[in-house]
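Input: a single structure, listed below in structure tokens.
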Amino acid sequence: MSQYFSENPDVASDPTSVDVVLGDVAFTMLTDRGVFSHGHLDTGTSLLLRQAPSPPPAGDLLDLGCGSGAIALTLAKRAPAATVWAVDPNVRARHLTATNAERNGLDDIRVVAPDEVPPTVRFAAIWSNPPIRIGKDALHELLLTWLDRLDDGGEAILVVQKHLGADSLQRWLDARGYPTERLAGKAGFRLLRSIRGAAS
């Protein structure tokens with residue numbers, strides 16, 4: 001699992017195409033070894049893409065931990081007037097997302113490393129299947145770093161496995177000034193929505 005969060009995965013490349021068919025959009029994307037969810041659309045991301053509310057139609061949107069780009073591509077298709085930032089420390093993941101955006105004719109996706117997002121950019125929404133397995137402290141630091149860059153009233157849509165701490169994460173976000181509700185649950189996953197208030 002550690003290679004998913006590494007800058008340069010040390011496993012051999014094995015590109016595999018995956019068809020993603022949702023209620024309103026469909027696309028084909030390449031996946032690869034060393035990037036999360038090789039050869040399929042994982043259950044958590046599928047829940048997010050199928051159950052999340054519509055993204056803001058404009059502004060800056062963030063796919064945090066973009067992997068192969070399923071979330072970024074969906075955001076770009078659902079909000080064509082928005083700018084989608086696809087962020088991942090994994091070089092192979094960024095290459096896949098950029099390739100998938102180009103193959104699908106989506107030119108409003110900016111694929112960058114985390115430190116390449118200009119500090120002035122604020123997000124109308126963040127969608128993420130966050131890397132829970134990096135550990136609680138690292139996860140909390142990661143989430144606060146990016147949630148603090150939401151616009152006032154902006155929302156983060158997160159999908160987290162229940163047995164990996166979805167309910168405790170919801171309480172933690174509430175305690176940090178990000179009111180959080182559960183939108184849906186399926187196959188052991190929770191879909192959470194956190195709102196940045198004007199005073200947070």
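Simple scheme: letters A, B, ... for chains in structure tokens order, numbers from 1 for residues in each chain, numbers from 1 for ligands in the order shown.
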Q. Which residues come within 12 Å of region 186-188 of chain A, counting only C-alpha atoms, excluding same-chain residues fewer than 3 positions away, as JSON, numbers by chain?
A. {"A": [42, 43, 44, 45, 46, 47, 48, 50, 51, 159, 160, 161, 162, 163, 164, 165, 166, 167, 182, 183, 191]}
Q) Quick one: residues within 12 Å of Ala52 (chain A), only C-alpha atoms counted, chain neighbours fewer than 6 positions away excluded, as a PyMOL selection string? A) chain A and resi 22+44-46+71+74-75+78+125-128+155-159+182-185+190-193
Q: Find the residue from A:Pro119, A:Gly39, A:Asn100, A:Phe27 that sits nearest to Pro15 (chain A); use only C-alpha atoms when measuring.
A: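 Checking each candidate against Pro15 (chain A), we get A:Gly39 as the closest.
Distance check against Asp152 (chain A) using only C-alpha atoms: of A:Gly197, A:Pro118, A:Gly105, A:Pro53, the minimum falls on A:Gly197.
Between Ala124 (chain A) and the residues A:Val91, A:Leu150, A:Ile195, A:Val21, the shortest atom-to-atom distance, using only C-alpha atoms, involves A:Leu150.
If only C-alpha atoms are the atoms counted, then among A:Asp14, A:Asp174, A:Asp108, A:Asp60 the closest residue to Asp151 (chain A) is A:Asp60.
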Q.
Excluding Glu116 (chain A) and its own-chain neighbours fewer than 4 positions away, which residues fall within 10 Å of it when counting only C-alpha atoms? Please give them as a PyMOL selection string.
A. chain A and resi 87+111-112
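Comparing the minimum interatomic distances between Asp88 (chain A) and each of A:Ala101, A:Leu62, A:Ala138, A:Leu49, counting only C-alpha atoms, we find that A:Leu62 sits nearest.
Atom to atom, CA of Phe36 (chain A) and CA of Asn129 (chain A) stand 10.2 Å apart.
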(Q) Nearest residue to Leu61 (chain A) out of A:Ile109, A:Val84, A:Arg122, A:Lys77, using only C-alpha atoms? (A) A:Val84
**Q.** helix (DSSP H, G or I) per DSSP on the backbone: members of region 31-144 of chain A, as a ChimeraX atom specification
**A.** /A:43-51,70-78,91-103,114-116,132-134,136-144
Got time to write the residues from that selection, N, CA and C atoms, as a tab-separated table (two decimals), in the first residue's frame?
```tsv
chain	number	residue	atom	x	y	z
A	43	THR	N	-14.65	0.91	-4.47
A	43	THR	CA	-15.99	1.04	-3.91
A	43	THR	C	-16.23	2.41	-3.28
A	44	GLY	N	-15.25	2.92	-2.56
A	44	GLY	CA	-15.42	4.21	-1.90
A	44	GLY	C	-15.59	5.35	-2.90
A	45	THR	N	-14.71	5.40	-3.88
A	45	THR	CA	-14.81	6.46	-4.89
A	45	THR	C	-16.11	6.34	-5.67
A	46	SER	N	-16.53	5.11	-5.97
A	46	SER	CA	-17.80	4.91	-6.66
A	46	SER	C	-18.95	5.49	-5.85
A	47	LEU	N	-18.95	5.25	-4.53
A	47	LEU	CA	-20.00	5.81	-3.67
A	47	LEU	C	-19.99	7.34	-3.74
A	48	LEU	N	-18.79	7.93	-3.65
A	48	LEU	CA	-18.70	9.39	-3.71
A	48	LEU	C	-19.25	9.92	-5.02
A	49	LEU	N	-18.84	9.33	-6.13
A	49	LEU	CA	-19.25	9.84	-7.43
A	49	LEU	C	-20.74	9.66	-7.68
A	50	ARG	N	-21.32	8.64	-7.09
A	50	ARG	CA	-22.74	8.37	-7.32
A	50	ARG	C	-23.67	9.10	-6.35
A	51	GLN	N	-23.17	9.44	-5.15
A	51	GLN	CA	-24.05	9.98	-4.11
A	51	GLN	C	-23.74	11.42	-3.71
A	70	ALA	N	-10.34	9.73	-11.46
A	70	ALA	CA	-11.79	9.51	-11.60
A	70	ALA	C	-12.60	10.68	-11.03
A	71	ILE	N	-12.19	11.18	-9.87
A	71	ILE	CA	-12.93	12.29	-9.26
A	71	ILE	C	-12.74	13.56	-10.07
A	72	ALA	N	-11.50	13.86	-10.45
A	72	ALA	CA	-11.24	15.08	-11.23
A	72	ALA	C	-12.01	15.08	-12.54
A	73	LEU	N	-12.02	13.95	-13.24
A	73	LEU	CA	-12.73	13.89	-14.52
A	73	LEU	C	-14.23	14.08	-14.32
A	74	THR	N	-14.76	13.50	-13.26
A	74	THR	CA	-16.19	13.65	-12.98
A	74	THR	C	-16.53	15.09	-12.64
A	75	LEU	N	-15.70	15.73	-11.81
A	75	LEU	CA	-15.93	17.14	-11.48
A	75	LEU	C	-15.90	17.99	-12.74
A	76	ALA	N	-14.92	17.74	-13.61
A	76	ALA	CA	-14.79	18.54	-14.83
A	76	ALA	C	-15.99	18.36	-15.75
A	77	LYS	N	-16.53	17.16	-15.82
A	77	LYS	CA	-17.69	16.92	-16.66
A	77	LYS	C	-18.96	17.52	-16.07
A	78	ARG	N	-19.09	17.49	-14.74
A	78	ARG	CA	-20.29	18.01	-14.10
A	78	ARG	C	-20.26	19.53	-13.94
A	91	VAL	N	3.97	10.83	-8.60
A	91	VAL	CA	4.25	11.27	-9.98
A	91	VAL	C	3.46	10.45	-10.98
A	92	ARG	N	3.39	9.14	-10.78
A	92	ARG	CA	2.66	8.27	-11.71
A	92	ARG	C	1.17	8.61	-11.72
A	93	ALA	N	0.63	8.93	-10.55
A	93	ALA	CA	-0.78	9.32	-10.46
A	93	ALA	C	-1.02	10.60	-11.25
A	94	ARG	N	-0.15	11.57	-11.10
A	94	ARG	CA	-0.33	12.83	-11.82
A	94	ARG	C	-0.25	12.62	-13.32
A	95	HIS	N	0.67	11.78	-13.75
A	95	HIS	CA	0.78	11.49	-15.18
A	95	HIS	C	-0.50	10.82	-15.70
A	96	LEU	N	-1.04	9.89	-14.94
A	96	LEU	CA	-2.27	9.22	-15.35
A	96	LEU	C	-3.43	10.20	-15.45
A	97	THR	N	-3.57	11.05	-14.43
A	97	THR	CA	-4.69	12.00	-14.45
A	97	THR	C	-4.57	12.95	-15.62
A	98	ALA	N	-3.36	13.45	-15.87
A	98	ALA	CA	-3.17	14.36	-17.01
A	98	ALA	C	-3.47	13.65	-18.33
A	99	THR	N	-3.02	12.40	-18.45
A	99	THR	CA	-3.29	11.63	-19.66
A	99	THR	C	-4.79	11.39	-19.83
A	100	ASN	N	-5.46	11.04	-18.74
A	100	ASN	CA	-6.89	10.77	-18.81
A	100	ASN	C	-7.69	12.03	-19.13
A	101	ALA	N	-7.27	13.16	-18.60
A	101	ALA	CA	-7.95	14.42	-18.93
A	101	ALA	C	-7.81	14.72	-20.42
A	102	GLU	N	-6.61	14.55	-20.94
A	102	GLU	CA	-6.38	14.82	-22.36
A	102	GLU	C	-7.17	13.86	-23.24
A	103	ARG	N	-7.17	12.57	-22.88
A	103	ARG	CA	-7.89	11.57	-23.67
A	103	ARG	C	-9.39	11.83	-23.70
A	114	PRO	N	1.22	18.75	-4.58
A	114	PRO	CA	0.57	19.56	-3.54
A	114	PRO	C	1.16	20.95	-3.37
A	115	ASP	N	2.47	21.09	-3.48
A	115	ASP	CA	3.08	22.41	-3.24
A	115	ASP	C	3.05	23.31	-4.48
A	116	GLU	N	2.41	22.85	-5.54
A	116	GLU	CA	2.31	23.65	-6.76
A	116	GLU	C	0.99	24.39	-6.90
A	132	ILE	N	-6.40	7.31	4.21
A	132	ILE	CA	-6.55	7.03	5.63
A	132	ILE	C	-5.34	6.29	6.19
A	133	ARG	N	-4.74	5.42	5.39
A	133	ARG	CA	-3.69	4.55	5.90
A	133	ARG	C	-2.35	5.26	6.12
A	134	ILE	N	-2.27	6.56	5.85
A	134	ILE	CA	-1.04	7.28	6.18
A	134	ILE	C	-0.92	7.51	7.68
A	136	LYS	N	-3.34	8.55	11.50
A	136	LYS	CA	-4.28	9.57	11.96
A	136	LYS	C	-3.66	10.96	11.99
A	137	ASP	N	-2.46	11.09	12.56
A	137	ASP	CA	-1.86	12.42	12.68
A	137	ASP	C	-1.59	13.03	11.31
A	138	ALA	N	-1.02	12.23	10.40
A	138	ALA	CA	-0.72	12.74	9.05
A	138	ALA	C	-2.02	13.07	8.31
A	139	LEU	N	-3.04	12.25	8.48
A	139	LEU	CA	-4.33	12.50	7.84
A	139	LEU	C	-4.93	13.81	8.35
A	140	HIS	N	-4.93	13.99	9.65
A	140	HIS	CA	-5.49	15.22	10.22
A	140	HIS	C	-4.76	16.45	9.71
A	141	GLU	N	-3.44	16.37	9.64
A	141	GLU	CA	-2.66	17.51	9.12
A	141	GLU	C	-3.01	17.77	7.66
A	142	LEU	N	-3.11	16.70	6.88
A	142	LEU	CA	-3.46	16.83	5.47
A	142	LEU	C	-4.82	17.50	5.30
A	143	LEU	N	-5.81	17.00	6.01
A	143	LEU	CA	-7.16	17.53	5.85
A	143	LEU	C	-7.25	18.99	6.29
A	144	LEU	N	-6.65	19.32	7.43
A	144	LEU	CA	-6.73	20.71	7.88
A	144	LEU	C	-6.02	21.65	6.92
```
Write out as a JSON list (two decimals) with C-alpha atoms, in the first residue's frame the set of residues from region 20-152 of chain A that DSSP, computed on the backbone, places in strand (DSSP E or B).
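Done, and the output landed in selection10.json:
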```
[["chain", "number", "residue", "atom", "x", "y", "z"],
["A", 20, "VAL", "CA", -16.55, 4.51, -15.55],
["A", 21, "VAL", "CA", -20.31, 4.74, -16.11],
["A", 26, "ALA", "CA", -19.27, 8.22, -18.56],
["A", 27, "PHE", "CA", -15.61, 8.02, -19.50],
["A", 28, "THR", "CA", -12.72, 5.62, -19.97],
["A", 29, "MET", "CA", -9.54, 6.09, -17.97],
["A", 30, "LEU", "CA", -6.15, 4.43, -17.66],
["A", 31, "THR", "CA", -5.09, 3.03, -14.29],
["A", 60, "ASP", "CA", -11.92, 26.29, -8.16],
["A", 61, "LEU", "CA", -12.62, 22.66, -7.23],
["A", 62, "LEU", "CA", -10.11, 20.24, -5.69],
["A", 63, "ASP", "CA", -9.63, 16.50, -6.15],
["A", 64, "LEU", "CA", -7.34, 15.78, -3.18],
["A", 83, "THR", "CA", -11.29, 24.91, -12.77],
["A", 84, "VAL", "CA", -10.48, 21.49, -11.31],
["A", 85, "TRP", "CA", -7.21, 21.04, -9.42],
["A", 86, "ALA", "CA", -6.03, 17.43, -9.29],
["A", 87, "VAL", "CA", -3.43, 17.09, -6.53],
["A", 109, "ILE", "CA", -8.08, 20.14, -15.13],
["A", 110, "ARG", "CA", -4.81, 21.34, -13.62],
["A", 111, "VAL", "CA", -2.72, 18.39, -12.44],
["A", 112, "VAL", "CA", -0.10, 19.41, -9.89],
["A", 123, "PHE", "CA", -11.75, 26.20, -3.25],
["A", 124, "ALA", "CA", -15.51, 26.18, -3.62],
["A", 125, "ALA", "CA", -15.46, 22.42, -2.98],
["A", 126, "ILE", "CA", -13.09, 19.57, -2.21],
["A", 127, "TRP", "CA", -13.86, 15.97, -3.14],
["A", 128, "SER", "CA", -11.61, 13.24, -1.81],
["A", 150, "LEU", "CA", -12.11, 26.32, 1.37],
["A", 151, "ASP", "CA", -14.12, 29.44, 0.66],
["A", 152, "ASP", "CA", -16.47, 30.46, 3.45]]
```
